[in-house]
Structure formats: structure tokens, C-alpha cells
>>> print(open('data.pdb').read())   # PDB, C-alpha atoms
MODEL        1
ATOM      1  CA  PRO G   1      77.149  72.705 -14.892
ATOM      2  CA  ALA G   2      73.454  71.991 -14.787
ATOM      3  CA  ALA G   3      72.488  68.757 -16.485
ATOM      4  CA  SER G   4      69.757  70.503 -18.464
ATOM      5  CA  CYS G   5      72.418  72.617 -20.200
ATOM      6  CA  LEU G   6      74.221  69.600 -21.607
ATOM      7  CA  PRO G   7      73.010  67.296 -24.381
ATOM      8  CA  LEU G   8      71.821  63.857 -23.352
ATOM      9  CA  GLU G   9      74.156  62.241 -25.870
ATOM     10  CA  LEU G  10      77.145  63.326 -23.787
ATOM     11  CA  PHE G  11      76.070  60.991 -21.008
ATOM     12  CA  LEU G  12      75.562  57.826 -23.054
ATOM     13  CA  PRO G  13      78.729  55.730 -23.299
ATOM     14  CA  VAL G  14      78.500  52.604 -25.398
ATOM     15  CA  HIS G  15      78.996  50.238 -22.475
ATOM     16  CA  THR G  16      75.970  51.510 -20.537
ATOM     17  CA  ARG G  17      73.363  50.528 -23.142
ATOM     18  CA  TYR G  18      71.316  47.566 -21.961
ATOM     19  CA  MET G  19      73.860  46.114 -19.578
ATOM     20  CA  SER G  20      71.286  43.917 -17.832
ATOM     21  CA  PRO G  21      71.485  40.245 -18.904
ATOM     22  CA  GLY G  22      68.605  39.166 -21.107
ATOM     23  CA  LEU G  23      67.302  42.688 -21.712
ATOM     24  CA  PRO G  24      66.880  43.220 -25.474
ATOM     25  CA  PRO G  25      67.132  46.703 -27.004
ATOM     26  CA  GLU G  26      63.403  46.801 -27.720
ATOM     27  CA  ALA G  27      62.459  45.846 -24.122
ATOM     28  CA  ASP G  28      61.536  49.319 -22.997
ATOM     29  CA  GLY G  29      60.080  50.717 -26.196
ATOM     30  CA  ALA G  30      60.470  54.435 -26.737
ATOM     31  CA  ALA G  31      62.341  54.842 -23.467
ATOM     32  CA  GLY G  32      64.957  52.316 -24.530
ATOM     33  CA  ALA G  33      65.235  53.897 -27.957
ATOM     34  CA  ALA G  34      66.255  57.157 -26.282
ATOM     35  CA  ALA G  35      69.482  55.524 -25.087
ATOM     36  CA  GLN G  36      71.507  55.580 -28.294
ATOM     37  CA  PRO G  37      75.230  54.854 -27.941
ATOM     38  CA  VAL G  38      77.731  57.523 -28.927
ATOM     39  CA  GLN G  39      80.736  56.808 -31.069
ATOM     40  CA  GLY G  40      84.365  57.417 -30.230
ATOM     41  CA  PRO G  41      86.589  56.983 -27.164
ATOM     42  CA  SER G  42      86.619  60.686 -26.276
ATOM     43  CA  GLU G  43      82.828  60.765 -25.830
ATOM     44  CA  VAL G  44      82.955  57.594 -23.741
ATOM     45  CA  ALA G  45      85.702  59.007 -21.516
ATOM     46  CA  GLY G  46      83.849  62.293 -21.117
ATOM     47  CA  ALA G  47      80.622  60.570 -20.106
ATOM     48  CA  ALA G  48      82.445  58.355 -17.605
ATOM     49  CA  ALA G  49      84.141  61.388 -16.054
ATOM     50  CA  PHE G  50      80.861  63.295 -15.805
ATOM     51  CA  ARG G  51      79.232  60.227 -14.226
ATOM     52  CA  ARG G  52      81.855  60.171 -11.468
ATOM     53  CA  VAL G  53      81.926  63.916 -10.789
ATOM     54  CA  HIS G  54      78.195  64.676 -11.151
ATOM     55  CA  PRO G  55      76.339  61.394 -10.534
ATOM     56  CA  LEU G  56      72.997  63.048  -9.768
ATOM     57  CA  HIS G  57      73.002  65.188 -12.916
ATOM     58  CA  TYR G  58      74.100  62.165 -14.920
ATOM     59  CA  HIS G  59      71.104  60.137 -13.735
ATOM     60  CA  GLN G  60      68.713  63.066 -14.069
ATOM     61  CA  ALA G  61      69.521  63.302 -17.780
ATOM     62  CA  PHE G  62      68.432  59.687 -18.249
ATOM     63  CA  LEU G  63      65.392  59.886 -15.988
ATOM     64  CA  ALA G  64      64.092  62.859 -17.952
ATOM     65  CA  GLN G  65      63.878  60.481 -20.931
ATOM     66  CA  GLY G  66      62.140  57.753 -18.906
ATOM     67  CA  VAL G  67      65.172  55.463 -18.961
ATOM     68  CA  ARG G  68      68.017  54.526 -16.629
ATOM     69  CA  PRO G  69      71.755  54.315 -17.380
ATOM     70  CA  ASP G  70      71.583  50.513 -17.681
ATOM     71  CA  GLY G  71      68.807  50.744 -20.277
ATOM     72  CA  ARG G  72      65.886  49.731 -18.043
ATOM     73  CA  GLY G  73      62.659  51.621 -17.732
ATOM     74  CA  LEU G  74      61.986  53.222 -14.358
ATOM     75  CA  LEU G  75      59.743  50.387 -13.153
ATOM     76  CA  ARG G  76      61.601  47.484 -14.724
ATOM     77  CA  GLY G  77      63.554  45.032 -12.563
ATOM     78  CA  ARG G  78      66.772  43.252 -13.375
ATOM     79  CA  ARG G  79      66.824  39.566 -14.230
ATOM     80  CA  ALA G  80      66.122  37.390 -11.171
ATOM     81  CA  ALA G  81      67.545  33.879 -10.937
ATOM     82  CA  ALA G  82      68.088  31.272  -8.239
ATOM     83  CA  SER G  83      69.568  27.792  -7.855
ATOM     84  CA  ALA G  84      68.771  25.390  -5.011
ATOM     85  CA  ALA G  85      70.970  22.806  -3.299
ATOM     86  CA  VAL G  86      74.271  24.540  -4.025
ATOM     87  CA  VAL G  87      75.998  23.589  -0.747
ATOM     88  CA  SER G  88      76.322  19.843  -0.160
ATOM     89  CA  SER G  89      77.048  20.145   3.579
ATOM     90  CA  ALA G  90      73.867  22.126   4.325
ATOM     91  CA  ASP G  91      70.378  20.795   4.988
ATOM     92  CA  GLY G  92      69.099  23.406   2.538
ATOM     93  CA  SER G  93      70.827  26.012   0.402
ATOM     94  CA  ALA G  94      70.396  28.397  -2.491
ATOM     95  CA  MET G  95      72.104  31.084  -4.517
ATOM     96  CA  ALA G  96      70.074  34.037  -5.766
ATOM     97  CA  LYS G  97      70.989  36.791  -8.212
ATOM     98  CA  LEU G  98      69.381  40.116  -9.095
ATOM     99  CA  GLY G  99      71.489  41.511 -11.886
ATOM    100  CA  GLN G 100      74.989  41.415 -10.386
ATOM    101  CA  THR G 101      73.825  41.275  -6.759
ATOM    102  CA  THR G 102      74.506  37.728  -5.525
ATOM    103  CA  VAL G 103      73.533  36.090  -2.220
ATOM    104  CA  LEU G 104      74.315  32.574  -0.975
ATOM    105  CA  ALA G 105      72.042  31.083   1.699
ATOM    106  CA  GLY G 106      72.578  27.946   3.753
ATOM    107  CA  VAL G 107      70.326  26.278   6.328
ATOM    108  CA  GLN G 108      71.537  23.973   9.096
ATOM    109  CA  ALA G 109      68.880  22.137  11.137
ATOM    110  CA  VAL G 110      70.019  21.576  14.725
ATOM    111  CA  PRO G 111      68.031  19.712  17.411
ATOM    112  CA  THR G 112      67.689  21.826  20.516
ATOM    113  CA  LEU G 113      65.594  22.294  23.635
ATOM    114  CA  PRO G 114      62.292  24.152  23.202
ATOM    115  CA  SER G 115      61.523  27.323  25.080
ATOM    116  CA  GLU G 116      59.285  27.166  28.135
ATOM    117  CA  ALA G 117      56.821  29.552  26.529
ATOM    118  CA  GLU G 118      56.499  27.479  23.326
ATOM    119  CA  PRO G 119      57.294  23.866  24.230
ATOM    120  CA  GLY G 120      55.937  22.473  20.973
ATOM    121  CA  GLU G 121      57.438  24.948  18.500
ATOM    122  CA  GLY G 122      60.827  25.159  16.847
ATOM    123  CA  ARG G 123      62.382  28.282  15.382
ATOM    124  CA  VAL G 124      64.297  29.759  12.488
ATOM    125  CA  VAL G 125      67.310  31.943  13.277
ATOM    126  CA  VAL G 126      68.634  34.164  10.493
ATOM    127  CA  SER G 127      72.074  35.766  10.305
ATOM    128  CA  LEU G 128      73.476  38.040   7.609
ATOM    129  CA  ASP G 129      77.136  38.034   6.599
ATOM    130  CA  GLN G 130      77.954  41.145   4.601
ATOM    131  CA  PRO G 131      81.419  42.724   4.543
ATOM    132  CA  LEU G 132      81.335  46.453   5.205
ATOM    133  CA  ALA G 133      82.608  48.666   2.394
ATOM    134  CA  GLY G 134      84.280  51.622   4.036
ATOM    135  CA  GLY G 135      83.664  55.068   2.637
ATOM    136  CA  GLU G 136      80.448  54.226   0.781
ATOM    137  CA  ARG G 137      77.010  55.688   1.401
ATOM    138  CA  GLY G 138      77.874  57.793   4.425
ATOM    139  CA  GLY G 139      80.377  55.524   6.108
ATOM    140  CA  GLN G 140      80.473  52.421   8.216
ATOM    141  CA  ALA G 141      77.901  53.569  10.796
ATOM    142  CA  ARG G 142      75.213  53.966   8.129
ATOM    143  CA  GLN G 143      76.005  50.589   6.631
ATOM    144  CA  GLU G 144      75.738  48.959  10.044
ATOM    145  CA  ARG G 145      72.304  50.517  10.577
ATOM    146  CA  GLU G 146      71.135  49.308   7.174
ATOM    147  CA  GLN G 147      72.418  45.793   7.832
ATOM    148  CA  SER G 148      70.706  45.723  11.212
ATOM    149  CA  ALA G 149      67.388  46.780   9.660
ATOM    150  CA  LEU G 150      67.749  44.160   6.911
ATOM    151  CA  SER G 151      68.606  41.441   9.429
ATOM    152  CA  GLU G 152      65.482  42.251  11.453
ATOM    153  CA  LEU G 153      63.327  42.117   8.313
ATOM    154  CA  LEU G 154      64.787  38.746   7.307
ATOM    155  CA  GLN G 155      64.203  37.332  10.778
ATOM    156  CA  ARG G 156      60.579  38.489  10.831
ATOM    157  CA  SER G 157      59.975  37.195   7.322
ATOM    158  CA  ALA G 158      61.476  33.783   8.091
ATOM    159  CA  ALA G 159      59.361  33.452  11.223
ATOM    160  CA  GLY G 160      56.260  34.162   9.128
ATOM    161  CA  MET G 161      57.200  31.671   6.405
ATOM    162  CA  VAL G 162      57.865  28.568   8.483
ATOM    163  CA  ALA G 163      55.209  26.709  10.468
ATOM    164  CA  ALA G 164      56.888  26.637  13.889
ATOM    165  CA  ALA G 165      54.824  23.659  15.048
ATOM    166  CA  SER G 166      56.216  21.563  12.193
ATOM    167  CA  LEU G 167      59.677  21.899  13.762
ATOM    168  CA  CYS G 168      58.681  20.000  16.908
ATOM    169  CA  ILE G 169      60.446  16.661  17.441
ATOM    170  CA  GLU G 170      58.877  15.850  20.803
ATOM    171  CA  GLU G 171      56.938  18.425  22.785
ATOM    172  CA  GLU G 172      58.794  19.867  25.767
ATOM    173  CA  LYS G 173      61.850  17.771  24.908
ATOM    174  CA  ALA G 174      63.290  18.570  21.498
ATOM    175  CA  VAL G 175      62.640  20.863  18.519
ATOM    176  CA  TRP G 176      64.476  21.852  15.370
ATOM    177  CA  GLU G 177      66.321  25.156  15.211
ATOM    178  CA  CYS G 178      66.903  26.016  11.553
ATOM    179  CA  ARG G 179      69.901  28.318  11.323
ATOM    180  CA  CYS G 180      69.807  30.227   8.045
ATOM    181  CA  THR G 181      72.966  32.144   7.161
ATOM    182  CA  LEU G 182      73.065  34.513   4.210
ATOM    183  CA  HIS G 183      76.395  35.470   2.659
ATOM    184  CA  VAL G 184      76.525  38.507   0.374
ATOM    185  CA  LEU G 185      78.913  37.584  -2.430
ATOM    186  CA  GLU G 186      78.361  40.697  -4.527
ATOM    187  CA  ALA G 187      76.392  43.819  -3.662
ATOM    188  CA  ASP G 188      75.175  45.883  -6.604
ATOM    189  CA  GLY G 189      72.030  47.245  -5.027
ATOM    190  CA  ASN G 190      68.735  45.881  -3.701
ATOM    191  CA  LEU G 191      70.129  43.369  -1.225
ATOM    192  CA  THR G 192      66.699  43.135   0.389
ATOM    193  CA  ASP G 193      64.995  41.402  -2.534
ATOM    194  CA  ALA G 194      68.016  39.186  -3.225
ATOM    195  CA  CYS G 195      68.302  38.085   0.413
ATOM    196  CA  LEU G 196      64.589  37.342   0.683
ATOM    197  CA  LEU G 197      64.715  35.287  -2.518
ATOM    198  CA  ALA G 198      67.810  33.341  -1.443
ATOM    199  CA  MET G 199      66.328  32.671   2.000
ATOM    200  CA  LEU G 200      63.000  31.489   0.575
ATOM    201  CA  VAL G 201      64.637  29.083  -1.885
ATOM    202  CA  ALA G 202      67.030  27.752   0.780
ATOM    203  CA  LEU G 203      64.181  27.121   3.237
ATOM    204  CA  SER G 204      62.160  25.445   0.473
ATOM    205  CA  ASP G 205      65.165  23.223  -0.224
ATOM    206  CA  THR G 206      65.594  22.218   3.430
ATOM    207  CA  ALA G 207      64.887  18.586   4.288
ATOM    208  CA  LEU G 208      64.605  17.364   7.890
ATOM    209  CA  PRO G 209      65.576  13.782   8.760
ATOM    210  CA  ALA G 210      63.191  11.504  10.628
ATOM    211  CA  VAL G 211      64.391  11.450  14.249
ATOM    212  CA  ARG G 212      63.265  10.543  17.738
ATOM    213  CA  PHE G 213      64.225  12.011  21.097
ATOM    214  CA  SER G 214      66.862  10.088  23.042
ATOM    215  CA  THR G 215      66.981   9.957  26.832
ATOM    216  CA  GLY G 216      69.784   7.424  27.109
ATOM    217  CA  GLU G 217      73.518   7.873  27.372
ATOM    218  CA  GLY G 218      73.550  10.365  24.536
ATOM    219  CA  GLU G 219      71.851  13.045  26.606
ATOM    220  CA  GLY G 220      74.191  15.825  27.696
ATOM    221  CA  GLU G 221      74.689  16.815  31.311
ATOM    222  CA  ASP G 222      73.258  20.250  30.555
ATOM    223  CA  GLY G 223      70.013  18.723  29.270
ATOM    224  CA  THR G 224      70.768  19.509  25.625
ATOM    225  CA  ALA G 225      68.391  17.690  23.307
ATOM    226  CA  ARG G 226      69.766  14.503  21.812
ATOM    227  CA  VAL G 227      68.069  12.799  18.898
ATOM    228  CA  VAL G 228      68.578   9.592  16.967
ATOM    229  CA  VAL G 229      68.025   9.416  13.224
ATOM    230  CA  VAL G 230      65.369   6.864  12.312
ATOM    231  CA  GLY G 231      65.759   5.507   8.783
ATOM    232  CA  SER G 232      66.923   7.410   5.710
ATOM    233  CA  GLU G 233      63.755   9.283   4.815
ATOM    234  CA  THR G 234      63.564  13.070   5.048
ATOM    235  CA  ALA G 235      60.671  15.512   5.071
ATOM    236  CA  PRO G 236      60.650  18.967   3.466
ATOM    237  CA  LEU G 237      60.392  21.975   5.702
ATOM    238  CA  SER G 238      56.782  23.106   5.969
ATOM    239  CA  LEU G 239      56.270  26.665   4.711
ATOM    240  CA  GLU G 240      53.063  28.509   5.582
ATOM    241  CA  HIS G 241      53.736  31.433   3.263
ATOM    242  CA  ARG G 242      56.133  32.288   0.454
ATOM    243  CA  VAL G 243      57.063  35.939   0.914
ATOM    244  CA  PHE G 244      58.779  38.052  -1.743
ATOM    245  CA  GLY G 245      60.232  41.527  -1.565
ATOM    246  CA  VAL G 246      59.927  44.180  -4.273
ATOM    247  CA  SER G 247      62.052  47.220  -3.500
ATOM    248  CA  PHE G 248      61.759  50.796  -4.736
ATOM    249  CA  GLY G 249      63.477  54.115  -4.356
ATOM    250  CA  LEU G 250      62.726  57.757  -5.111
ATOM    251  CA  LEU G 251      65.379  59.534  -7.165
ATOM    252  CA  ASP G 252      64.731  63.133  -8.083
ATOM    253  CA  GLY G 253      61.039  62.543  -7.377
ATOM    254  CA  ARG G 254      60.807  59.551  -9.711
ATOM    255  CA  LEU G 255      59.930  56.053  -8.583
ATOM    256  CA  LEU G 256      62.512  53.384  -9.441
ATOM    257  CA  LEU G 257      62.040  49.635  -9.068
ATOM    258  CA  ASP G 258      65.001  47.413  -8.145
ATOM    259  CA  PRO G 259      67.632  50.170  -7.746
ATOM    260  CA  THR G 260      71.315  49.465  -8.354
ATOM    261  CA  ALA G 261      74.009  50.397  -5.851
ATOM    262  CA  GLU G 262      74.820  53.520  -7.855
ATOM    263  CA  GLU G 263      71.173  54.577  -7.788
ATOM    264  CA  GLU G 264      70.778  53.750  -4.083
ATOM    265  CA  ALA G 265      73.478  56.275  -3.216
ATOM    266  CA  LEU G 266      71.294  59.014  -4.751
ATOM    267  CA  LEU G 267      67.863  58.039  -3.403
ATOM    268  CA  SER G 268      65.889  60.319  -1.112
ATOM    269  CA  THR G 269      64.071  57.309   0.301
ATOM    270  CA  SER G 270      63.796  53.577  -0.248
ATOM    271  CA  PHE G 271      61.259  50.953   0.770
ATOM    272  CA  THR G 272      60.233  47.354   0.155
ATOM    273  CA  LEU G 273      56.766  45.923  -0.380
ATOM    274  CA  LEU G 274      56.264  42.359   0.862
ATOM    275  CA  LEU G 275      53.891  40.175  -1.147
ATOM    276  CA  ASP G 276      52.975  36.518  -0.998
ATOM    277  CA  SER G 277      52.973  34.326  -4.096
ATOM    278  CA  ASP G 278      49.327  35.248  -4.789
ATOM    279  CA  GLY G 279      50.102  38.968  -4.793
ATOM    280  CA  ALA G 280      48.498  39.673  -1.422
ATOM    281  CA  PHE G 281      50.116  42.537   0.486
ATOM    282  CA  ARG G 282      52.051  41.224   3.496
ATOM    283  CA  GLY G 283      53.809  44.330   4.749
ATOM    284  CA  LEU G 284      55.925  47.415   4.130
ATOM    285  CA  HIS G 285      59.575  47.733   5.135
ATOM    286  CA  LYS G 286      60.810  51.323   5.217
ATOM    287  CA  PRO G 287      63.836  52.025   7.432
ATOM    288  CA  GLY G 288      63.753  55.823   7.479
ATOM    289  CA  GLY G 289      63.851  58.359   4.669
ATOM    290  CA  ALA G 290      61.203  60.742   3.362
ATOM    291  CA  PRO G 291      57.538  59.792   3.906
ATOM    292  CA  LEU G 292      55.491  58.204   1.118
ATOM    293  CA  ASP G 293      52.354  59.798  -0.278
ATOM    294  CA  GLU G 294      49.292  57.805  -1.255
ATOM    295  CA  ALA G 295      49.908  58.092  -5.006
ATOM    296  CA  THR G 296      53.430  56.678  -4.681
ATOM    297  CA  THR G 297      52.160  53.821  -2.548
ATOM    298  CA  ARG G 298      49.481  52.905  -5.087
ATOM    299  CA  GLU G 299      51.904  53.116  -8.015
ATOM    300  CA  SER G 300      54.507  50.983  -6.252
ATOM    301  CA  LEU G 301      51.977  48.306  -5.281
ATOM    302  CA  ALA G 302      50.773  48.006  -8.887
ATOM    303  CA  ALA G 303      54.373  47.787 -10.126
ATOM    304  CA  ALA G 304      55.252  45.233  -7.448
ATOM    305  CA  ARG G 305      52.443  42.927  -8.566
ATOM    306  CA  LYS G 306      53.698  43.134 -12.150
ATOM    307  CA  ARG G 307      57.190  42.274 -10.954
ATOM    308  CA  LEU G 308      56.027  39.359  -8.773
ATOM    309  CA  PRO G 309      55.711  36.640 -11.478
ATOM    310  CA  ALA G 310      59.428  36.950 -12.298
ATOM    311  CA  LEU G 311      60.345  36.439  -8.630
ATOM    312  CA  VAL G 312      57.926  33.525  -8.230
ATOM    313  CA  ALA G 313      59.421  31.880 -11.312
ATOM    314  CA  ALA G 314      62.936  32.384  -9.955
ATOM    315  CA  SER G 315      61.949  30.836  -6.612
ATOM    316  CA  SER G 316      60.936  27.605  -8.356
ATOM    317  CA  ALA G 317      64.631  26.898  -8.685
ATOM    318  CA  LYS G 318      66.041  23.665  -9.969
ATOM    319  CA  ARG G 319      68.744  21.914  -8.002
ATOM    320  CA  ALA G 320      72.151  23.108  -9.038
ATOM    321  CA  GLY G 321      74.341  20.892 -11.160
ATOM    322  CA  LEU G 322      77.468  22.129  -9.344
ATOM    323  CA  ARG G 323      77.537  21.888  -5.548
ATOM    324  CA  PHE G 324      80.130  23.178  -3.081
TER     325      PHE G 324
ENDMDL
END
>>> encode(input="data.pdb", output="C-alpha cells")
Amino acid sequence: PAASCLPLELFLPVHTRYMSPGLPPEADGAAGAAAQPVQGPSEVAGAAAFRRVHPLHYHQAFLAQGVRPDGRGLLRGRRAAASAAVVSSADGSAMAKLGQTTVLAGVQAVPTLPSEAEPGEGRVVVSLDQPLAGGERGGQARQEREQSALSELLQRSAAGMVAAASLCIEEEKAVWECRCTLHVLEADGNLTDACLLAMLVALSDTALPAVRFSTGEGEGEDGTARVVVVGSETAPLSLEHRVFGVSFGLLDGRLLLDPTAEEEALLSTSFTLLLDSDGAFRGLHKPGGAPLDEATTRESLAAARKRLPALVAASSAKRAGLRF
């Protein structure tokens, strides 16, 4: 049946009202007031069944009222949070959360030989560890393409954040290679923003020991760089830019900020705006999908700048009390 033929109240189970942590009922004004819970187990069961069988119609009924099933307005993000120094064995680490989406990032600084083309510059190498969920969003092949696109974005972003020259130990002899690994612990949509936030906080948390290049017995036969730690002092990794991602999607022609996994499965297109901490536009990441018109681009940029302060605040993470 068409969603327009069914009353909105049918689609509003009690448990869907304002599920996002820290989101009060009055947060979205009139839009939030439209999401009134129904009473009785039969209504809840009926709404849950309709949500599974007709997910698009279910979401359309909410969007027509300017609200989403979790109680957020269309351009409202979920709560962002991050903790630094969560892994004791890493040189830098962080855990970031967007709603239920959770990413753990760890950085290991390894002395290595510089490249011939850039003898005085180190590098950051990013890898993404995300288990594939078979049968979701068009199958494993689609998930692999999405992961590949996200990995490329993370690598480019990391290279733009870190001052490569600051990773030089001794020109033409030894540089730091910062290996940043991101582990997806829970995926409930918008991995891009969560991964970028976790990576930024982990890189900000990274401390490099004071070292010098060794040419004595410690040097390997293959010419691998060997270094000796000098003293106990460390220096923070030098970041040129702090880059944040704000992701959007188009669902039934409506622009949504920070989509959940359920919403992502219904989007006609998705994209991420990259901003620095001052709100300056740093780039657009859009791996396929329908093209964007100028009005959508302007609206998303304005919404992204409103969202930015929450991400900047989350990136100023305190060191975690519990470390692994």
C-alpha cells in the first residue's frame, strides 16, 4: 500500500522516539513534536513489520513531517564523541562514536628508509579494517567498492593533515612512517565521518620519541633504517590541517545529514564535504550516485558549517581513563 494512504501514527512505535543519546524531545521543535508515540503492543508490532517490509514508505511518512524515525530533524547530526589514548601499546590512538557507529584508531610510528624522490619527508599510511556484512546493500562487491573509496579518502586526508617534513629523522637516511589502522567496531551508518574523526584524534595523540640515526652494528644488511632513542622526551606529531567530514544523503529528494545505516540503504546518492576547523571548504568526496545540483550543494555546505562545531569539540578529546 502507498504510504500516503496510511496514517502517520501507524509508523511510530514507542522505541523509535528520540533514540539518539542526548537528544531531548524539544530538540527539533515542531518536527520533533510530530513524532508522538503510539500506545499498545499491537501498534508497535504493526509499525515494526511495516518498517521491515516497506522501508522506503516507512521513511517517507516521517520525512513528509520533517522528521526522521530516530526523532532527528533532516539536517541534525547524531551525538559525536571521541576519546584519545585508548590503546597503551600504540604511539597514538583514539575511539570515535557517531550515534552507535564506533571506530577505533591506532597509530604506530616506525623508522624506515625515505624514498628517493622525497629524501627528507616521512609518510602516513592508512589501513581500514571493516568486516564485510554479507547480503547488505547490494552484496559483498558493493561493500568492497565502498571500503576501497573510503580507504582512498582516508589516505588522502591523512597526507594533507600531517606535515611530511616533520617526520624526517635524518635526510636521506631515516624517516618516520606513521601507520594508522582504523578498526570498525560497530557500523550504524556514516562511517566516513566517524573514521575521519577517529583518525584525526589518533594522529593528534601521536607522540614521536627523540631519536638519532644509527650506522653501527644495529644497521640491517638490507639497509633498513636503524635509530637509537635519545632521552625520554617525546614530541607531538605536527599537523598542518585538521580536516573533518560532514556526510549527507538524498532520500526521496530530501537532504539528510549524518544518515544511519538504515537510511543509507535507501539513498539515491551520498557525499561528504571536507572542512577544516575554521570552516573552510577542503574538498568533496562523492563516490558515484546521482549528480548534485547547485541548490543542494549550497544547502549542504551551510548545514555542514553548522555541524562543524560539534565535531571540533569532539576532536578536542581528553585522554581516556581506561586504556587497552
>>> residues_around(input="data.pdb", residues="range 143-157 of chain G", least_positions_apart="5", cutoff="9 Å", atoms="all atoms listed in the file", output="list of chain:residue names")
G:Val124, G:Val125, G:Val126, G:Ser127, G:Leu128, G:Gln130, G:Leu132, G:Ala133, G:Gly134, G:Glu136, G:Arg137, G:Gly138, G:Val162, G:Leu191, G:Thr192, G:Cys195, G:Leu196, G:Met199, G:Val243, G:His285, G:Pro287
>>> resolve_selection(input="data.pdb", expression="the PyMOL selection byres ((chain G and resi 197) around 12)", output="NGL selection string")
:G and (80-84 or 93-98 or 101-105 or 154 or 157-158 or 182 or 190-196 or 198-204 or 242-246 or 274-277 or 308 or 310-317)
>>> write_last_selection(input="data.pdb", atoms="C-alpha atoms", output="short mmCIF file (atom, residue, chain, number, x, y, z; two decimals), in the frame of the given file")
data_model
loop_
_atom_site.label_atom_id
_atom_site.label_comp_id
_atom_site.auth_asym_id
_atom_site.auth_seq_id
_atom_site.Cartn_x
_atom_site.Cartn_y
_atom_site.Cartn_z
CA ALA G 80 66.12 37.39 -11.17
CA ALA G 81 67.54 33.88 -10.94
CA ALA G 82 68.09 31.27 -8.24
CA SER G 83 69.57 27.79 -7.86
CA ALA G 84 68.77 25.39 -5.01
CA SER G 93 70.83 26.01 0.40
CA ALA G 94 70.40 28.40 -2.49
CA MET G 95 72.10 31.08 -4.52
CA ALA G 96 70.07 34.04 -5.77
CA LYS G 97 70.99 36.79 -8.21
CA LEU G 98 69.38 40.12 -9.10
CA THR G 101 73.82 41.28 -6.76
CA THR G 102 74.51 37.73 -5.52
CA VAL G 103 73.53 36.09 -2.22
CA LEU G 104 74.32 32.57 -0.98
CA ALA G 105 72.04 31.08 1.70
CA LEU G 154 64.79 38.75 7.31
CA SER G 157 59.98 37.20 7.32
CA ALA G 158 61.48 33.78 8.09
CA LEU G 182 73.06 34.51 4.21
CA ASN G 190 68.74 45.88 -3.70
CA LEU G 191 70.13 43.37 -1.23
CA THR G 192 66.70 43.14 0.39
CA ASP G 193 65.00 41.40 -2.53
CA ALA G 194 68.02 39.19 -3.22
CA CYS G 195 68.30 38.08 0.41
CA LEU G 196 64.59 37.34 0.68
CA ALA G 198 67.81 33.34 -1.44
CA MET G 199 66.33 32.67 2.00
CA LEU G 200 63.00 31.49 0.57
CA VAL G 201 64.64 29.08 -1.88
CA ALA G 202 67.03 27.75 0.78
CA LEU G 203 64.18 27.12 3.24
CA SER G 204 62.16 25.44 0.47
CA ARG G 242 56.13 32.29 0.45
CA VAL G 243 57.06 35.94 0.91
CA PHE G 244 58.78 38.05 -1.74
CA GLY G 245 60.23 41.53 -1.56
CA VAL G 246 59.93 44.18 -4.27
CA LEU G 274 56.26 42.36 0.86
CA LEU G 275 53.89 40.17 -1.15
CA ASP G 276 52.98 36.52 -1.00
CA SER G 277 52.97 34.33 -4.10
CA LEU G 308 56.03 39.36 -8.77
CA ALA G 310 59.43 36.95 -12.30
CA LEU G 311 60.34 36.44 -8.63
CA VAL G 312 57.93 33.52 -8.23
CA ALA G 313 59.42 31.88 -11.31
CA ALA G 314 62.94 32.38 -9.96
CA SER G 315 61.95 30.84 -6.61
CA SER G 316 60.94 27.60 -8.36
CA ALA G 317 64.63 26.90 -8.68
#
>>> closest_residue(input="data.pdb", among="G:Glu170, G:Glu240, G:Glu263, G:Glu177", to="His57 in chain G", atoms="all atoms listed in the file")
G:Glu263
>>> axis_aligned_box(input="data.pdb", around="range 182-196 of chain G", padding_each_side="3 Å", output="JSON")
{"center_x": 71.8, "center_y": 40.9, "center_z": -1.2, "size_x": 20.3, "size_y": 18.7, "size_z": 16.8}
>>> atom_distance(input="data.pdb", atom1="CA of Ala210 in chain G", atom2="CA of Cys180 in chain G")
20.0 Å
>>> resolve_selection(input="data.pdb", expression="the PyMOL selection byres ((chain G and resi 258) around 9)", output="JSON, numbers by chain")
{"G": [75, 76, 77, 78, 98, 189, 190, 193, 246, 247, 248, 249, 256, 257, 259, 260]}
>>> atom_distance(input="data.pdb", atom1="CA of Asp70 in chain G", atom2="CA of Leu267 in chain G")
16.6 Å
>>> closest_residue(input="data.pdb", among="G:Arg254, G:Arg307, G:His241, G:Arg282", to="Phe62 in chain G", atoms="all atoms listed in the file")
G:Arg254
>>> atom_distance(input="data.pdb", atom1="CA of Ala302 in chain G", atom2="CA of Thr272 in chain G")
13.1 Å
